[in-house]
Amino acid sequence: MSGSNDLYLRALRGEKVERTPIWVMRQAGRYLPEYRATRARAGDFLTLCKTPEMACEVTLQPIDRFGLDAAILFSDILTIPDAMGLGLVLEEGVGPVFERPLRSAADIAKLGRPDAEQDLGYVMDAVRVIRGELNGRVPLIGFTGSPWTLASYMVEGRGSKEFRLIKGLMFEDPKAMHQLLQIVTDSVIDYLTAQVLAGAQSLMVFDTWGGMLSTENYQRFSLAYMQQIVSALKNDQRTAATPIVLFTKGGGQWLELMAATGCDGLGLDWTVDLATAKDRVGEQVVLQGNLDPTVMNTGAAQVRDEADKVLQAYGQHKTGDKGHIFNLGHGIQPHAKPDNMQALVQQVQQHSAAFHGETSD
Ligand code: 1CP
């Protein structure tokens with residue numbers, strides 16, 4: 001594939017487009033043999049993230065192989081806590097672990113705000129190298145974790161199922177919790193701004209764990225800080241034109257609240273009915289999603305059928321609708337078959353034009 005494809009950016013701006021663009025969360029990852037080969041060459045995951053040429057190589061692998069409509073920076077959400085001194089390591093079979101998790105209000109009080117260009121310069125270097133290599137082929141997405149999601153890892157020290165420590169902090173010492181969320185938010189704003197200045201053309205905020213909260217606490221401890229991020233970026237002329245997408249996994253009941261932040265798009269997980277989501281907020285924001293990622297572990301026929309159902313659920317793009325970007329409802333899993341990704345991309349790229357015809361109504 002050659003030339004320049006800006007379909008994804010046009011769709012994210014709510015413009016009328018000729019077909020539905022597609023990219024896939026975790027599109028560079030362990031399901032791809034070429035990713036595993038580069039990771040083996042790097043030695044470990046963090047070296048891969050911290051070596052811009054290698055991060056660039058794996059970012060481009062799924063673009064070269066499948067012809068997706070956007071590239072996402074290869075990095076991780078945990079780079080910010082790492083830069084704050086928590087000591088990130090990726091333990092084989094466990095996942096990311098912090099050597100020095102936050103265990104007290106005193107630990108939180110000691111945190112400093114990283115300098116995005118200095119302390120996270122390897123991320124900005126990766127963005128610059130990737131933009132150069134892409135050479136306009138497809139747009140590049142930058143990203144961050146949400147403050148609540150980052151704070152969860154910083155306090156728990158690793159992935160969690162019960163969120164005992166972070167919720168303990170939230171209920172027992174809300175002042176320290178807010179202090180932590182504020183310094184993470186300020187750091188995220190600096191980080192996203194630096195990514196845009198380095199060349200990121202859209203931004204995605206992964207609120208992977210916001211859905212673990214009650215509605216009231218979601219608003220106070222997750223959404224309020226994502227609101228600060230959206231407002232800060234929209235009020236800064238350097239970042240105002242860069243579209244921003246919020247994704248709260250498990251956040252289907254809060255779409256109106258999320259859309260009201262002034263973000264450009266919402267990521268939807270697979271539990272959300274796309275047709276209903278379109279009725280609720282489809283004239284305010286672009287909707288991104290939401291095929292169940294486990295379908296990618298089955299057969300190509302199933303992938304094609306389920307992809308059609310997602311396209312049909314959004315249905316015709318009518319005047320006033322902001323539009324749809326195809327994605328999975330969460331990251332593609334290590335057991336996914338690469339051939340299924342090819343089938344998915346082809347199905348969406350070939351079948352979606354029918355939903356973009358002229359209709360007045
Ligand atoms: O090679 C390996 O073994 C590492 C696996 C891996 C990969 C491929 C990790 C560790 N991170 C990544 C890359 C990554 N992480 C990307 C790259 C770009 C792409 O999408 O292709 C992105 C956007 C992320 C974001 C990320 N990291 C999130 C938010 C999105 C989501 O999936 O909900 C989260 C929660 C993380 C933390 C993380 N990093 C890695 C793992 C295994 C985890 C999950 C840990 C857990 O909670 O159990």
# chains A, B, ... in the order shown; residues from 1 in each chain; ligands from 1
$ residues_near_ligand --ligand "ligand 1" --cutoff "9 Å" --atoms "only C-alpha atoms and all ligand atoms" --output "PyMOL selection string"
chain A and resi 24-30+35-36+39+44-46+48-49+58-59+62+71-78+90-97+142-146+149-150+153+158-161+204-209+247-249+330-332+334
$ residues_around --residues "stretch 337-350 of chain A" --least-positions-apart "4" --cutoff "12 Å" --atoms "only C-alpha atoms" --output "short mmCIF file (atom, residue, chain, number, x, y, z; two decimals) with C-alpha atoms, in the first residue's frame"
data_model
loop_
_atom_site.label_atom_id
_atom_site.label_comp_id
_atom_site.auth_asym_id
_atom_site.auth_seq_id
_atom_site.Cartn_x
_atom_site.Cartn_y
_atom_site.Cartn_z
CA LEU A 7 -9.32 8.59 6.41
CA GLU A 18 -16.16 7.09 1.92
CA ARG A 19 -15.86 4.05 4.22
CA THR A 20 -15.28 3.19 7.90
CA PRO A 21 -11.62 3.37 9.01
CA ILE A 22 -10.20 0.56 11.15
CA TRP A 23 -7.39 0.21 13.65
CA VAL A 24 -7.14 -2.30 16.50
CA MET A 25 -6.13 -1.80 20.13
CA ARG A 26 -2.81 -3.64 20.76
CA GLN A 27 -2.44 -4.16 17.00
CA ALA A 28 1.32 -4.52 17.55
CA GLY A 29 1.76 -7.36 20.01
CA ARG A 30 2.37 -10.93 20.89
CA TYR A 31 -0.10 -12.48 18.40
CA LEU A 32 2.32 -11.40 15.62
CA PRO A 33 5.40 -13.60 15.02
CA GLU A 34 7.36 -10.59 13.74
CA TYR A 35 6.61 -8.75 17.03
CA GLN A 61 4.54 -4.23 11.49
CA PRO A 62 0.70 -4.38 11.56
CA ILE A 63 0.48 -1.46 9.10
CA ASP A 64 2.74 -3.25 6.60
CA ARG A 65 1.02 -6.59 7.03
CA PHE A 66 -2.66 -5.65 7.17
CA GLY A 67 -3.09 -2.16 5.70
CA LEU A 68 -4.79 -0.74 8.80
CA ASP A 69 -5.93 2.90 8.63
CA ALA A 70 -3.94 4.22 11.62
CA LEU A 291 -16.06 -6.09 18.35
CA PRO A 293 -11.78 -9.30 20.98
CA THR A 294 -12.19 -13.02 21.70
CA VAL A 295 -13.81 -13.46 18.26
CA MET A 296 -10.29 -12.96 16.90
CA ASN A 297 -9.30 -16.29 18.51
CA THR A 298 -11.96 -18.22 16.51
CA GLY A 299 -12.42 -18.68 12.74
CA ALA A 300 -12.29 -16.22 9.84
CA ALA A 301 -15.98 -16.84 9.01
CA GLN A 302 -16.96 -15.86 12.56
CA VAL A 303 -14.75 -12.77 12.37
CA ARG A 304 -16.43 -11.64 9.13
CA ASP A 305 -19.96 -12.25 10.47
CA GLU A 306 -19.32 -10.44 13.74
CA ALA A 307 -17.63 -7.52 11.93
CA ASP A 308 -20.73 -7.15 9.74
CA LYS A 309 -22.90 -7.06 12.86
CA VAL A 310 -20.86 -4.18 14.26
CA LEU A 311 -21.12 -2.25 10.96
CA GLN A 312 -24.88 -2.89 10.89
CA HIS A 324 -17.87 5.40 13.45
CA ILE A 325 -14.31 4.12 13.60
CA PHE A 326 -14.01 0.35 13.67
CA ASN A 327 -11.99 -1.25 16.49
CA LEU A 328 -12.21 -4.10 18.96
CA ILE A 332 -6.40 -8.04 20.70
CA GLN A 333 -5.22 -11.07 22.69
CA ALA A 354 -22.42 0.65 1.81
CA PHE A 355 -23.07 2.43 5.12
CA HIS A 356 -21.71 5.75 3.86
#
$ select_by_dssp --residues "stretch 16-159 of chain A" --states "strand (DSSP E)" --output "list in words"
Ala71, Ile72, Leu88, Val89, Leu90, Glu91, Gly95, Pro96, Val97, Phe98, Leu140, Ile141, Gly142, Phe143, Thr144 and Gly145 of chain A
$ residues_around --residues "stretch 110-112 of chain A" --least-positions-apart "5" --cutoff "10 Å" --atoms "only C-alpha atoms" --output "JSON, numbers by chain"
{"A": [81, 83, 84, 85, 86, 102, 105, 179, 180, 183, 184, 187]}
$ select_by_dssp --residues "stretch 1-178 of chain A" --states "alpha helix (DSSP H)" --output "ChimeraX atom specification"
/A:7-12,33-42,45-50,52-66,79-81,105-109,116-119,121-134,147-156,164-172,174-178
$ residues_around --residues "stretch 210-217 of chain A" --least-positions-apart "5" --cutoff "12 Å" --atoms "only C-alpha atoms" --output "compact mmCIF listing (two decimals) with N, CA and C atoms, in the first residue's frame"
# COMPACT_ATOMS: atom_id res chain seq x y z
N GLY A 145 -2.43 6.47 29.78
CA GLY A 145 -3.43 5.90 30.67
C GLY A 145 -4.17 7.05 31.34
N SER A 146 -5.39 6.80 31.81
CA SER A 146 -6.10 7.84 32.56
C SER A 146 -5.44 7.97 33.94
N PRO A 147 -5.59 9.12 34.58
CA PRO A 147 -5.02 9.27 35.93
C PRO A 147 -5.48 8.17 36.89
N TRP A 148 -6.77 7.84 36.88
CA TRP A 148 -7.25 6.80 37.81
C TRP A 148 -6.57 5.45 37.51
N THR A 149 -6.46 5.11 36.23
CA THR A 149 -5.86 3.83 35.85
C THR A 149 -4.38 3.80 36.21
N LEU A 150 -3.67 4.90 35.96
CA LEU A 150 -2.25 4.95 36.33
C LEU A 150 -2.09 4.87 37.84
N ALA A 151 -2.92 5.61 38.57
CA ALA A 151 -2.84 5.59 40.03
C ALA A 151 -3.10 4.18 40.57
N SER A 152 -4.00 3.44 39.91
CA SER A 152 -4.29 2.07 40.36
C SER A 152 -3.04 1.21 40.32
N SER A 160 -4.45 -5.79 39.08
CA SER A 160 -5.23 -6.20 40.24
C SER A 160 -6.61 -6.66 39.81
N LYS A 161 -7.25 -7.49 40.61
CA LYS A 161 -8.63 -7.87 40.33
C LYS A 161 -9.58 -7.20 41.31
N GLU A 162 -9.09 -6.99 42.54
CA GLU A 162 -9.99 -6.47 43.59
C GLU A 162 -9.78 -4.98 43.86
N PHE A 163 -8.62 -4.43 43.53
CA PHE A 163 -8.34 -3.01 43.76
C PHE A 163 -8.46 -2.65 45.24
N ARG A 164 -7.98 -3.57 46.10
CA ARG A 164 -8.10 -3.40 47.54
C ARG A 164 -7.32 -2.17 48.02
N ILE A 166 -5.93 0.53 46.24
CA ILE A 166 -6.29 1.84 45.67
C ILE A 166 -7.66 2.28 46.17
N LYS A 167 -8.60 1.35 46.29
CA LYS A 167 -9.91 1.75 46.81
C LYS A 167 -9.83 2.04 48.31
N MET A 170 -8.72 5.53 48.42
CA MET A 170 -9.81 6.42 47.98
C MET A 170 -10.82 6.66 49.11
N PHE A 171 -11.18 5.59 49.82
CA PHE A 171 -12.19 5.74 50.88
C PHE A 171 -11.59 6.32 52.16
N PRO A 174 -9.18 10.37 51.02
CA PRO A 174 -9.49 10.98 49.71
C PRO A 174 -8.59 12.16 49.39
N MET A 177 -5.57 10.77 47.89
CA MET A 177 -5.97 10.22 46.57
C MET A 177 -6.05 11.35 45.54
N HIS A 178 -6.70 12.44 45.91
CA HIS A 178 -6.81 13.57 44.97
C HIS A 178 -5.44 14.18 44.69
N VAL A 205 -7.02 8.20 25.44
CA VAL A 205 -6.84 8.05 26.89
C VAL A 205 -7.46 6.70 27.29
N SER A 222 -12.25 9.56 38.47
CA SER A 222 -11.72 9.29 37.13
C SER A 222 -12.13 10.38 36.15
N LEU A 223 -13.43 10.56 35.96
CA LEU A 223 -13.89 11.49 34.92
C LEU A 223 -13.41 12.93 35.16
N ALA A 224 -13.44 13.38 36.40
CA ALA A 224 -13.05 14.78 36.68
C ALA A 224 -11.63 15.05 36.20
N TYR A 225 -10.76 14.05 36.30
CA TYR A 225 -9.37 14.25 35.88
C TYR A 225 -9.23 14.11 34.36
N MET A 226 -10.03 13.24 33.75
CA MET A 226 -10.02 13.19 32.27
C MET A 226 -10.58 14.51 31.73
N LEU A 246 -11.70 9.25 24.45
CA LEU A 246 -11.68 8.67 25.81
C LEU A 246 -12.26 7.27 25.76
N PHE A 247 -11.61 6.36 26.46
CA PHE A 247 -12.10 4.96 26.52
C PHE A 247 -12.12 4.51 27.98
N THR A 248 -13.32 4.42 28.55
CA THR A 248 -13.46 3.81 29.88
C THR A 248 -14.01 2.42 29.68
N LYS A 249 -13.18 1.40 29.96
CA LYS A 249 -13.67 0.03 29.84
C LYS A 249 -14.72 -0.19 30.93
N GLY A 250 -15.88 -0.71 30.53
CA GLY A 250 -16.96 -0.88 31.50
C GLY A 250 -17.72 0.42 31.75
N GLY A 251 -17.52 1.41 30.91
CA GLY A 251 -18.13 2.73 31.13
C GLY A 251 -19.39 2.98 30.32
N GLY A 252 -20.01 1.92 29.80
CA GLY A 252 -21.15 2.09 28.89
C GLY A 252 -22.30 2.90 29.45
N GLN A 253 -22.47 2.86 30.77
CA GLN A 253 -23.60 3.63 31.34
C GLN A 253 -23.28 5.12 31.48
N TRP A 254 -22.02 5.50 31.22
CA TRP A 254 -21.63 6.90 31.47
C TRP A 254 -21.32 7.67 30.18
N LEU A 255 -21.80 7.19 29.04
CA LEU A 255 -21.41 7.81 27.77
C LEU A 255 -21.77 9.29 27.70
N LEU A 257 -21.98 11.41 30.15
CA LEU A 257 -21.04 12.16 31.01
C LEU A 257 -19.70 12.31 30.31
N MET A 258 -19.26 11.25 29.65
CA MET A 258 -17.96 11.30 28.97
C MET A 258 -18.01 12.24 27.78
N LEU A 268 -15.66 2.32 22.82
CA LEU A 268 -16.71 1.52 23.46
C LEU A 268 -16.22 0.09 23.61
N ASP A 269 -16.46 -0.52 24.78
CA ASP A 269 -16.15 -1.95 24.88
C ASP A 269 -17.30 -2.75 24.29
N THR A 271 -19.49 -4.71 25.44
CA THR A 271 -20.75 -4.91 26.17
C THR A 271 -21.78 -3.84 25.79
$ atom_distance --atom1 "atom CA of A:Leu120" --atom2 "atom CA of A:Val188"
11.4 Å
$ closest_residue --among "A:Gly320, A:Gly267, A:Gly357, A:Pro52" --to "A:Glu133" --atoms "only C-alpha atoms"
A:Pro52
$ atom_distance --atom1 "atom CA of A:Ala313" --atom2 "atom CA of A:Ser202"
25.1 Å
